[in-house]
file structure.cif (mmCIF, C-alpha atoms)
data_start
#
loop_
_atom_site.label_atom_id
_atom_site.label_comp_id
_atom_site.auth_asym_id
_atom_site.auth_seq_id
_atom_site.Cartn_x
_atom_site.Cartn_y
_atom_site.Cartn_z
CA MET A 1 119.08 177.79 14.55
CA ILE A 2 118.96 174.22 15.83
CA PRO A 3 122.75 174.10 16.44
CA VAL A 4 122.48 177.27 18.55
CA PHE A 5 119.62 175.74 20.56
CA LEU A 6 121.57 172.50 21.13
CA ARG A 7 124.67 174.42 22.16
CA GLU A 8 122.63 176.34 24.73
CA LEU A 9 121.30 173.07 26.15
CA ARG A 10 124.79 171.63 26.32
CA LEU A 11 126.12 174.71 28.11
CA ALA A 12 123.18 174.60 30.53
CA LEU A 13 123.86 170.95 31.31
CA ARG A 14 127.47 171.82 32.09
CA HIS A 15 126.26 174.50 34.52
CA PRO A 16 123.09 173.02 36.05
CA ALA A 17 123.29 175.38 39.04
CA GLU A 18 121.81 178.26 37.03
CA ALA A 19 118.61 176.48 36.05
CA LEU A 20 118.36 174.96 39.50
CA ALA A 21 118.67 178.40 41.11
CA ALA A 22 115.59 179.62 39.22
CA VAL A 23 113.59 176.55 40.28
CA LEU A 24 114.61 176.90 43.92
CA PHE A 25 113.77 180.61 43.82
CA PHE A 26 110.28 179.71 42.52
CA VAL A 27 109.69 177.13 45.26
CA ILE A 28 111.07 179.33 48.03
CA VAL A 29 108.93 182.33 47.03
CA CYS A 30 105.86 180.08 47.07
CA ALA A 31 106.95 178.69 50.45
CA LEU A 32 107.08 182.21 51.90
CA PHE A 33 103.38 182.87 51.33
CA PRO A 34 102.11 180.56 54.12
CA PHE A 35 104.40 182.42 56.52
CA GLY A 36 103.07 185.79 55.47
CA VAL A 37 99.38 184.97 55.02
CA GLY A 38 99.03 182.31 57.69
CA PRO A 39 98.52 178.58 57.20
CA SER A 40 94.74 178.72 56.67
CA PRO A 41 94.13 176.66 53.49
CA GLU A 42 91.21 178.87 52.38
CA ALA A 43 93.23 182.07 52.46
CA LEU A 44 96.17 180.39 50.73
CA ALA A 45 94.05 178.78 48.03
CA ARG A 46 92.53 182.19 47.30
CA LEU A 47 96.03 183.59 46.75
CA ALA A 48 97.55 180.54 45.09
CA PRO A 49 96.79 181.22 41.37
CA GLY A 50 98.24 184.73 41.32
CA ALA A 51 101.16 183.79 43.58
CA LEU A 52 102.10 180.78 41.44
CA VAL A 53 102.12 182.76 38.21
CA THR A 54 103.95 185.75 39.67
CA ALA A 55 106.59 183.60 41.35
CA ALA A 56 107.14 181.59 38.15
CA LEU A 57 107.55 184.71 36.00
CA LEU A 58 109.99 186.29 38.46
CA ALA A 59 111.99 183.07 38.61
CA ALA A 60 112.12 182.83 34.81
CA LEU A 61 113.47 186.40 34.71
CA LEU A 62 116.53 185.52 36.80
CA PRO A 63 118.79 184.05 34.07
CA LEU A 64 117.57 186.42 31.34
CA ASP A 65 120.13 189.18 31.80
CA ARG A 66 122.90 186.71 30.90
CA LEU A 67 121.08 185.51 27.76
CA PHE A 68 123.07 187.72 25.39
CA ALA A 69 125.43 189.47 27.82
CA GLY A 70 127.65 186.40 28.19
CA GLU A 71 127.86 185.99 24.42
CA ALA A 72 128.64 189.67 23.95
CA GLU A 73 131.38 189.68 26.60
CA ASP A 74 133.38 186.76 25.19
CA GLY A 75 132.96 187.82 21.56
CA SER A 76 130.66 184.93 20.57
CA LEU A 77 127.83 187.29 19.65
CA ASP A 78 129.93 188.89 16.88
CA LEU A 79 130.62 185.46 15.41
CA LEU A 80 126.99 184.37 15.73
CA LEU A 81 125.79 187.55 14.01
CA THR A 82 128.25 187.07 11.15
CA ALA A 83 127.60 183.33 10.79
CA GLY A 84 125.04 183.87 8.05
CA LEU A 85 122.25 183.15 10.54
CA PRO A 86 119.32 185.62 10.50
CA PRO A 87 119.34 187.59 13.79
CA ALA A 88 115.67 186.70 14.29
CA GLY A 89 116.57 183.01 14.09
CA LEU A 90 119.30 183.52 16.67
CA ALA A 91 116.80 185.26 18.99
CA LEU A 92 114.23 182.48 18.51
CA ALA A 93 116.82 179.80 19.28
CA LYS A 94 117.85 181.68 22.42
CA ALA A 95 114.22 182.08 23.54
CA ALA A 96 113.49 178.39 22.94
CA ALA A 97 116.60 177.41 24.88
CA HIS A 98 115.65 179.73 27.75
CA TRP A 99 112.26 178.07 27.94
CA ALA A 100 113.73 174.56 27.81
CA VAL A 101 116.33 175.34 30.45
CA THR A 102 114.27 177.54 32.80
CA GLY A 103 110.57 177.15 31.90
CA LEU A 104 110.39 173.36 31.76
CA PRO A 105 112.05 172.79 35.16
CA LEU A 106 109.60 175.31 36.65
CA LEU A 107 106.73 173.14 35.37
CA LEU A 108 108.29 170.11 37.05
CA ALA A 109 108.46 172.04 40.31
CA ALA A 110 104.93 173.44 39.92
CA PRO A 111 103.20 170.61 41.89
CA VAL A 112 105.51 171.26 44.86
CA ALA A 113 104.79 174.98 44.71
CA ALA A 114 101.05 174.32 44.28
CA ALA A 115 101.06 172.07 47.36
CA LEU A 116 102.85 174.72 49.41
CA LEU A 117 100.13 177.19 48.43
CA ALA A 118 97.33 174.69 49.23
CA LEU A 119 95.99 174.84 45.66
CA PRO A 120 93.25 172.17 45.33
CA VAL A 121 94.60 169.11 43.51
CA GLU A 122 91.94 169.45 40.78
CA GLY A 123 93.66 172.63 39.62
CA TRP A 124 97.18 171.25 39.29
CA GLY A 125 96.84 170.06 35.70
CA VAL A 126 95.49 173.41 34.55
CA ALA A 127 98.18 175.16 36.60
CA ILE A 128 100.96 173.30 34.79
CA LEU A 129 99.36 174.03 31.42
CA ALA A 130 98.88 177.72 32.23
CA LEU A 131 102.41 178.07 33.62
CA GLY A 132 103.79 176.34 30.53
CA LEU A 133 102.13 178.86 28.23
CA ALA A 134 102.95 181.80 30.50
CA SER A 135 106.63 180.87 30.80
CA ALA A 136 106.93 180.39 27.04
CA ILE A 137 105.53 183.90 26.47
CA LEU A 138 107.89 185.28 29.11
CA SER A 139 110.86 183.57 27.43
CA LEU A 140 109.99 185.40 24.22
CA LEU A 141 109.34 188.78 25.85
CA GLY A 142 112.44 188.33 27.99
CA THR A 143 114.58 187.61 24.94
CA LEU A 144 113.39 190.91 23.47
CA GLY A 145 114.18 192.66 26.74
CA ALA A 146 117.62 191.04 26.91
CA ALA A 147 118.39 192.09 23.33
CA LEU A 148 117.22 195.67 23.97
CA THR A 149 119.12 196.13 27.21
CA LEU A 150 122.29 194.51 25.88
CA GLY A 151 125.17 196.87 26.46
CA ALA A 152 123.12 199.19 28.68
CA ARG A 153 124.60 199.94 32.05
CA ARG A 154 122.59 198.26 34.80
CA GLY A 155 120.81 196.25 32.10
CA GLY A 156 119.92 193.64 34.71
CA VAL A 157 117.71 196.18 36.50
CA LEU A 158 116.28 197.65 33.32
CA LEU A 159 115.24 194.26 31.95
CA PRO A 160 112.46 193.44 34.49
CA LEU A 161 111.20 197.02 34.30
CA LEU A 162 110.84 196.58 30.55
CA VAL A 163 109.46 193.04 30.47
CA LEU A 164 107.15 192.75 33.48
CA PRO A 165 104.63 195.42 32.36
CA LEU A 166 104.30 193.54 29.06
CA ALA A 167 103.60 190.37 31.05
CA VAL A 168 100.52 191.80 32.81
CA PRO A 169 98.02 190.10 30.45
CA VAL A 170 99.92 186.84 30.95
CA VAL A 171 99.48 187.09 34.73
CA ILE A 172 95.77 187.90 34.39
CA PHE A 173 94.93 185.03 32.03
CA ALA A 174 97.18 182.43 33.64
CA ALA A 175 95.90 183.19 37.14
CA GLY A 176 92.34 183.21 35.78
CA ALA A 177 92.84 179.79 34.22
CA ILE A 178 94.27 178.31 37.43
CA GLU A 179 91.51 179.82 39.55
CA ALA A 180 88.85 178.42 37.21
CA GLY A 181 90.55 175.02 37.17
CA ALA A 182 90.81 174.83 40.95
CA GLY A 183 87.32 176.20 41.61
CA GLY A 184 85.51 173.89 39.19
CA GLY A 185 85.06 176.62 36.56
CA GLU A 186 85.91 176.55 32.86
CA PRO A 187 89.62 177.30 32.32
CA ARG A 188 89.46 176.86 28.54
CA PRO A 189 88.85 180.49 27.50
CA PHE A 190 91.77 181.69 29.63
CA LEU A 191 94.10 179.05 28.21
CA LEU A 192 93.01 179.89 24.67
CA LEU A 193 93.75 183.57 25.27
CA LEU A 194 97.21 182.64 26.56
CA ALA A 195 97.77 180.46 23.53
CA ALA A 196 96.67 183.32 21.27
CA PHE A 197 99.15 185.63 23.00
CA LEU A 198 101.88 183.03 22.44
CA ALA A 199 100.87 182.56 18.81
CA ALA A 200 101.19 186.31 18.23
CA ALA A 201 104.48 186.65 20.12
CA LEU A 202 106.15 183.67 18.45
CA PRO A 203 106.66 185.27 15.03
CA LEU A 204 106.79 188.94 16.11
CA VAL A 205 109.12 189.00 19.10
CA PRO A 206 112.11 187.24 17.47
CA PHE A 207 112.06 189.80 14.66
CA ALA A 208 112.07 192.69 17.11
CA ALA A 209 114.81 191.05 19.19
CA GLY A 210 116.84 190.32 16.06
CA ALA A 211 116.60 193.94 14.97
CA ALA A 212 117.76 195.04 18.43
CA LEU A 213 120.73 192.67 18.24
CA ARG A 214 121.73 193.94 14.82
CA GLU A 215 121.56 197.56 15.93
CA GLY A 216 123.33 196.90 19.21
CA MET B 1 135.09 181.15 -4.19
CA ALA B 2 137.02 184.15 -5.44
CA GLY B 3 135.53 187.60 -5.32
CA LEU B 4 136.50 191.25 -5.27
CA LEU B 5 136.19 193.41 -2.17
CA ASP B 6 135.61 197.08 -2.92
CA ALA B 7 135.42 199.74 -0.21
CA VAL B 8 134.30 203.16 -1.40
CA GLU B 9 134.72 206.40 0.55
CA LEU B 10 134.16 204.67 3.90
CA ALA B 11 133.74 206.71 7.05
CA ALA B 12 133.21 205.48 10.56
CA ARG B 13 132.17 207.24 13.70
CA ARG B 14 132.60 206.06 17.24
CA GLY B 15 131.07 207.89 20.18
CA GLY B 16 130.34 210.90 17.96
CA ARG B 17 133.99 211.15 16.89
CA VAL B 18 135.01 210.50 13.29
CA VAL B 19 137.54 207.65 13.36
CA PHE B 20 138.33 207.70 9.67
CA ALA B 21 136.71 209.12 6.54
CA GLY B 22 137.12 208.94 2.79
CA LEU B 23 138.77 205.53 2.96
CA SER B 24 138.73 203.64 -0.35
CA PHE B 25 140.54 200.47 -1.29
CA LEU B 26 140.20 197.40 -3.44
CA ALA B 27 141.22 193.84 -2.63
CA ALA B 28 141.47 191.31 -5.45
CA PRO B 29 141.41 187.50 -5.08
CA GLY B 30 144.60 186.20 -3.48
CA GLU B 31 145.52 189.58 -2.10
CA ALA B 32 146.42 190.46 1.48
CA LEU B 33 146.04 193.87 3.10
CA LEU B 34 147.81 194.81 6.31
CA LEU B 35 146.00 197.48 8.30
CA LEU B 36 148.57 199.58 10.12
CA GLY B 37 148.21 202.55 12.37
CA PRO B 38 148.53 203.71 15.96
CA ASN B 39 146.09 202.64 18.68
CA GLY B 40 142.68 204.15 18.08
CA ALA B 41 143.29 204.71 14.36
CA GLY B 42 140.20 202.60 13.58
CA LYS B 43 141.72 199.29 12.50
CA SER B 44 139.31 197.18 14.53
CA THR B 45 136.43 199.47 13.59
CA LEU B 46 137.23 198.98 9.90
CA LEU B 47 137.30 195.20 10.31
CA ARG B 48 133.97 195.20 12.19
CA LEU B 49 132.53 197.41 9.49
CA LEU B 50 133.72 195.06 6.73
CA ALA B 51 132.31 192.10 8.67
CA GLY B 52 128.90 193.78 8.67
CA LEU B 53 128.86 194.24 12.45
CA LEU B 54 128.86 198.03 12.09
CA ARG B 55 127.25 200.23 9.51
CA PRO B 56 129.49 202.82 7.83
CA ALA B 57 128.67 206.45 8.59
CA ALA B 58 129.27 207.12 4.90
CA GLY B 59 130.34 205.17 1.83
CA HIS B 60 129.75 201.51 1.18
CA VAL B 61 131.39 198.11 0.88
CA ALA B 62 130.76 195.94 -2.16
CA TRP B 63 131.58 192.34 -2.94
CA ASP B 64 131.78 191.63 -6.67
CA GLY B 65 129.95 194.89 -7.26
CA GLU B 66 127.07 194.07 -4.93
CA GLU B 67 126.60 196.08 -1.76
CA VAL B 68 127.14 193.80 1.24
CA GLY B 69 124.46 195.45 3.40
CA ALA B 70 121.81 194.30 0.93
CA ASP B 71 122.18 190.65 1.92
CA PRO B 72 123.78 190.32 5.37
CA ALA B 73 123.32 186.54 5.44
CA ALA B 74 125.23 186.03 2.20
CA HIS B 75 127.97 188.38 3.38
CA GLY B 76 128.18 186.50 6.67
CA ALA B 77 128.54 183.22 4.81
CA ARG B 78 131.50 184.49 2.79
CA THR B 79 133.23 186.20 5.73
CA ARG B 80 135.29 184.86 8.63
CA TYR B 81 135.87 187.42 11.34
CA LEU B 82 138.47 186.96 14.06
CA GLY B 83 138.00 189.57 16.76
CA HIS B 84 140.10 190.58 19.75
CA GLN B 85 138.28 188.02 21.85
CA ASP B 86 138.44 184.32 21.23
CA ALA B 87 134.68 183.66 21.75
CA ILE B 88 135.36 180.49 23.70
CA LYS B 89 133.03 178.89 26.25
CA PRO B 90 135.16 177.58 29.13
CA SER B 91 133.05 174.45 29.67
CA LEU B 92 133.09 173.23 26.06
CA THR B 93 135.98 171.27 24.58
CA PRO B 94 137.77 172.47 21.41
CA ILE B 95 136.20 169.73 19.31
CA GLU B 96 132.69 170.58 20.62
CA ASP B 97 133.32 174.23 19.85
CA LEU B 98 134.41 173.48 16.28
CA ARG B 99 131.57 170.99 15.77
CA PHE B 100 129.10 173.73 16.68
CA TRP B 101 130.60 176.23 14.25
CA SER B 102 130.93 173.60 11.52
CA ARG B 103 127.17 172.99 11.80
CA LEU B 104 126.66 176.66 10.97
CA ARG B 105 129.56 177.03 8.57
CA GLY B 106 130.28 173.60 7.10
CA GLY B 107 133.76 172.13 7.05
CA ASP B 108 135.49 169.37 9.00
CA PRO B 109 136.11 170.11 12.71
CA ALA B 110 138.82 167.44 13.10
CA ALA B 111 140.78 168.81 10.13
CA ALA B 112 140.44 172.34 11.51
CA LEU B 113 141.85 171.22 14.88
CA ASP B 114 144.69 169.47 13.11
CA ALA B 115 145.49 172.54 11.02
CA LEU B 116 146.38 174.46 14.18
CA GLY B 117 148.00 171.53 15.97
CA LEU B 118 145.22 171.30 18.55
CA SER B 119 144.32 167.62 18.05
CA PRO B 120 145.96 166.47 21.33
CA LEU B 121 143.80 168.99 23.24
CA ALA B 122 140.54 168.08 21.48
CA ALA B 123 138.80 166.62 24.52
CA LEU B 124 139.99 169.03 27.22
CA PRO B 125 137.62 171.72 28.50
CA CYS B 126 138.63 175.09 27.06
CA ARG B 127 139.06 176.56 30.53
CA THR B 128 142.28 174.54 30.81
CA LEU B 129 143.75 176.02 27.61
CA SER B 130 146.44 178.69 27.66
CA ALA B 131 145.93 182.08 26.00
CA GLY B 132 147.91 181.00 22.92
CA GLN B 133 145.99 177.73 22.64
CA ARG B 134 142.69 179.62 22.86
CA ARG B 135 143.86 181.93 20.08
CA ARG B 136 144.71 178.88 17.98
CA LEU B 137 141.22 177.50 18.52
CA ALA B 138 139.77 180.83 17.37
CA LEU B 139 142.03 180.66 14.30
CA ALA B 140 140.95 177.07 13.62
CA ARG B 141 137.37 178.35 13.07
CA LEU B 142 138.58 180.36 10.07
CA THR B 143 139.29 177.18 8.18
CA LEU B 144 135.73 175.82 8.55
CA GLY B 145 133.88 176.03 5.26
CA ASP B 146 135.62 177.83 2.42
CA ALA B 147 134.99 181.51 3.00
CA PRO B 148 136.81 183.88 0.64
CA LEU B 149 137.15 186.87 3.00
CA TRP B 150 139.18 186.60 6.21
CA LEU B 151 139.13 189.59 8.56
CA LEU B 152 141.74 189.19 11.27
CA ASP B 153 142.18 191.44 14.27
CA GLU B 154 145.65 190.86 15.78
CA PRO B 155 145.68 187.19 14.72
CA THR B 156 149.07 186.36 16.26
CA LEU B 157 148.28 187.69 19.74
CA GLY B 158 149.79 185.22 22.21
CA LEU B 159 150.99 182.73 19.57
CA ASP B 160 154.34 180.95 19.77
CA SER B 161 156.62 180.96 16.71
CA ALA B 162 155.61 177.43 15.62
CA SER B 163 151.96 178.51 15.59
CA VAL B 164 152.80 181.68 13.67
CA ASP B 165 154.43 179.45 11.04
CA ARG B 166 151.30 177.27 10.94
CA LEU B 167 149.17 180.38 10.51
CA GLY B 168 151.49 181.43 7.69
CA GLY B 169 150.78 178.15 5.92
CA LEU B 170 147.03 178.60 6.39
CA LEU B 171 147.11 182.16 5.06
CA ALA B 172 149.20 181.13 2.04
CA GLY B 173 146.77 178.27 1.28
CA HIS B 174 143.80 180.59 1.63
CA ARG B 175 145.33 183.15 -0.74
CA GLY B 176 146.32 180.38 -3.13
CA ARG B 177 142.65 179.43 -3.41
CA GLY B 178 141.78 183.02 -4.31
CA GLY B 179 140.89 184.18 -0.82
CA ILE B 180 141.39 187.69 0.53
CA VAL B 181 143.02 188.47 3.89
CA LEU B 182 142.69 191.73 5.77
CA ALA B 183 144.67 191.81 8.98
CA ALA B 184 145.12 194.50 11.59
CA THR B 185 148.35 194.06 13.47
CA HIS B 186 151.24 195.60 15.37
CA LEU B 187 153.34 192.45 15.05
CA PRO B 188 155.05 191.09 11.93
CA LEU B 189 152.67 188.71 10.14
CA PRO B 190 153.55 185.83 7.81
CA LEU B 191 151.89 187.51 4.82
CA PRO B 192 154.46 187.82 2.02
CA GLY B 193 153.66 190.45 -0.57
CA ALA B 194 150.90 192.03 1.48
CA ARG B 195 149.93 195.59 0.67
CA GLU B 196 149.92 198.08 3.50
CA LEU B 197 146.95 200.26 4.31
CA ARG B 198 147.75 203.04 6.77
CA LEU B 199 144.94 204.47 8.80
#

call {"tool": "encode", "arguments": {"input": "structure.cif", "output": "structure tokens"}}
result
Amino acid sequence: MIPVFLRELRLALRHPAEALAAVLFFVIVCALFPFGVGPSPEALARLAPGALVTAALLAALLPLDRLFAGEAEDGSLDLLLTAGLPPAGLALAKAAAHWAVTGLPLLLAAPVAAALLALPVEGWGVAILALGLASAILSLLGTLGAALTLGARRGGVLLPLLVLPLAVPVVIFAAGAIEAGAGGGEPRPFLLLLAAFLAAALPLVPFAAGAALREG
Amino acid sequence: MAGLLDAVELAARRGGRVVFAGLSFLAAPGEALLLLGPNGAGKSTLLRLLAGLLRPAAGHVAWDGEEVGADPAAHGARTRYLGHQDAIKPSLTPIEDLRFWSRLRGGDPAAALDALGLSPLAALPCRTLSAGQRRRLALARLTLGDAPLWLLDEPTLGLDSASVDRLGGLLAGHRGRGGIVLAATHLPLPLPGARELRL
């Protein structure tokens, strides 16, 4: 599992444009809101929590359709599946690598996006924490989606349709946490719910994704 | 590492069509089987099935009397599958590629490179390799870790005659250690004394 994760990181470092594209997409989407809503800080700050979370999840979706498709096209997936590695372990390594390559850079860019959306500075710490949990959950759900849509025609379109409805609770709790953090409320319950979601997804999703890979 | 491969009444289906059915054969340690047949006869399908990548529509495959589907991880560990594609990432170098697989499979990446005469290319990105050199890198993975069952789909595709000779040496060494080779091919292979299996 660890060799697969390290190989993913190495490949991502050789092609930094892909991870960078997701980060730039995240920042640009957040930069569009002031143009649409107007520059009034109150209106923007009201929108900021939901916009941040939505933009981050959409950005994290971008590289997901290549997660297994590239491996399947060049024949690597066959070798990985016959390497004596459990398919669930392969899926977990892929999900972890997706989070490290896409999720982590999004967190680094989160302050820029938060500033563009006029989110009060008090909420930035909570925002990064909530986005970290939300993107980790999306990496797991997205890995399942990528495994299920592998080999399907137009899988790239099917994937968001499959994954985003599952991410609704993530949006609700993450946006709730950021709103509470920025408005002087108590973000803890929201963050705990996100963490609980992650704790449930962490063992379950790789098994489902592994089963999908084996069947596919 | 020796073991006995036993295929019993295998049938495979692809896209609803029966590719082959009632296929039984036995491969003992040191033996080589050449899979022959026209395009679409199911040679690649049979190899994927034996590798555990496909499930048979009927029948079963056993290794030393134990059904391989029962423990896919153990079957994966004893099997080396060489598909049509070379499974090479253009931005990695051959030595990085083999180091990765050796972490999963064991074995010595430098020796594997050397076995296929790829040592001078070790540090070049794979995108600069020719088709034959890429095939040799894919073949070099077979030698990582001692796996008794080699499943080869057109192993000599794109190879020059010197590399075919090298492959011949590898196959002879593998069989000498009690390994089994199953190869699908349309080209003559350096497998003396191989049995033929017509599909």

call {"tool": "closest_atom_pairs", "arguments": {"input": "structure.cif", "of": "chain B", "to": "chain A", "cutoff": "7 Å", "atoms": "only C-alpha atoms", "output": "JSON lines"}}
result
{"residue": "B:Ala51", "atom": "CA", "partner": "A:Thr82", "partner_atom": "CA", "distance": 6.9}
{"residue": "B:Ala73", "atom": "CA", "partner": "A:Gly84", "partner_atom": "CA", "distance": 4.1}
{"residue": "B:Ala74", "atom": "CA", "partner": "A:Gly84", "partner_atom": "CA", "distance": 6.2}
{"residue": "B:Gly76", "atom": "CA", "partner": "A:Gly84", "partner_atom": "CA", "distance": 4.3}
{"residue": "B:Ala77", "atom": "CA", "partner": "A:Gly84", "partner_atom": "CA", "distance": 4.8}
{"residue": "B:Tyr81", "atom": "CA", "partner": "A:Leu79", "partner_atom": "CA", "distance": 6.9}
{"residue": "B:Gln85", "atom": "CA", "partner": "A:Gly75", "partner_atom": "CA", "distance": 5.3}
{"residue": "B:Asp86", "atom": "CA", "partner": "A:Gly75", "partner_atom": "CA", "distance": 6.5}
{"residue": "B:Ala87", "atom": "CA", "partner": "A:Ser76", "partner_atom": "CA", "distance": 4.4}
{"residue": "B:Ile88", "atom": "CA", "partner": "A:Asp74", "partner_atom": "CA", "distance": 6.7}
{"residue": "B:Ser91", "atom": "CA", "partner": "A:Arg14", "partner_atom": "CA", "distance": 6.6}
{"residue": "B:Phe100", "atom": "CA", "partner": "A:Pro3", "partner_atom": "CA", "distance": 6.4}
{"residue": "B:Arg103", "atom": "CA", "partner": "A:Pro3", "partner_atom": "CA", "distance": 6.5}
{"residue": "B:Leu104", "atom": "CA", "partner": "A:Ala83", "partner_atom": "CA", "distance": 6.7}
{"residue": "B:Arg105", "atom": "CA", "partner": "A:Ala83", "partner_atom": "CA", "distance": 7.0}

call {"tool": "atom_distance", "arguments": {"input": "structure.cif", "atom1": "CA of Gly181 (chain A)", "atom2": "CA of Gly123 (chain A)"}}
result
4.6 Å

call {"tool": "resolve_selection", "arguments": {"input": "structure.cif", "expression": "the PyMOL selection byres ((chain B and resi 140-148) around 10)", "output": "count of residues only"}}
result
57

call {"tool": "residues_around", "arguments": {"input": "structure.cif", "residues": "region 193-196 of chain A", "least_positions_apart": "6", "cutoff": "12 Å", "atoms": "all atoms listed in the file", "output": "PyMOL selection string"}}
result
chain A and resi 129-138+167-177+187+202-203

call {"tool": "resolve_selection", "arguments": {"input": "structure.cif", "expression": "the PyMOL selection byres ((chain B and resi 188) around 12)", "output": "ChimeraX atom specification"}}
result
/B:34-36,154-157,161,164-165,168,183-187,189-192,194

call {"tool": "atom_distance", "arguments": {"input": "structure.cif", "atom1": "CA of Glu179 (chain A)", "atom2": "CA of Trp124 (chain A)"}}
result
10.3 Å

call {"tool": "resolve_selection", "arguments": {"input": "structure.cif", "expression": "the PyMOL selection byres ((chain B and resi 55) around 10)", "output": "list in words"}}
result
Arg214 and Glu215 of chain A; Leu10, Ala11, Ala12, Arg13, Arg48, Leu49, Leu50, Ala51, Gly52, Leu53, Leu54, Pro56, Ala57, Ala58, Gly59, His60, Val61 and Gly69 of chain B

call {"tool": "atom_distance", "arguments": {"input": "structure.cif", "atom1": "CA of Glu18 (chain A)", "atom2": "CA of Cys126 (chain B)"}}
result
19.8 Å

call {"tool": "closest_residue", "arguments": {"input": "structure.cif", "among": "A:Leu44, A:Leu106, A:Leu140, A:Leu164", "to": "Leu198 (chain A)", "atoms": "only C-alpha atoms"}}
result
A:Leu140
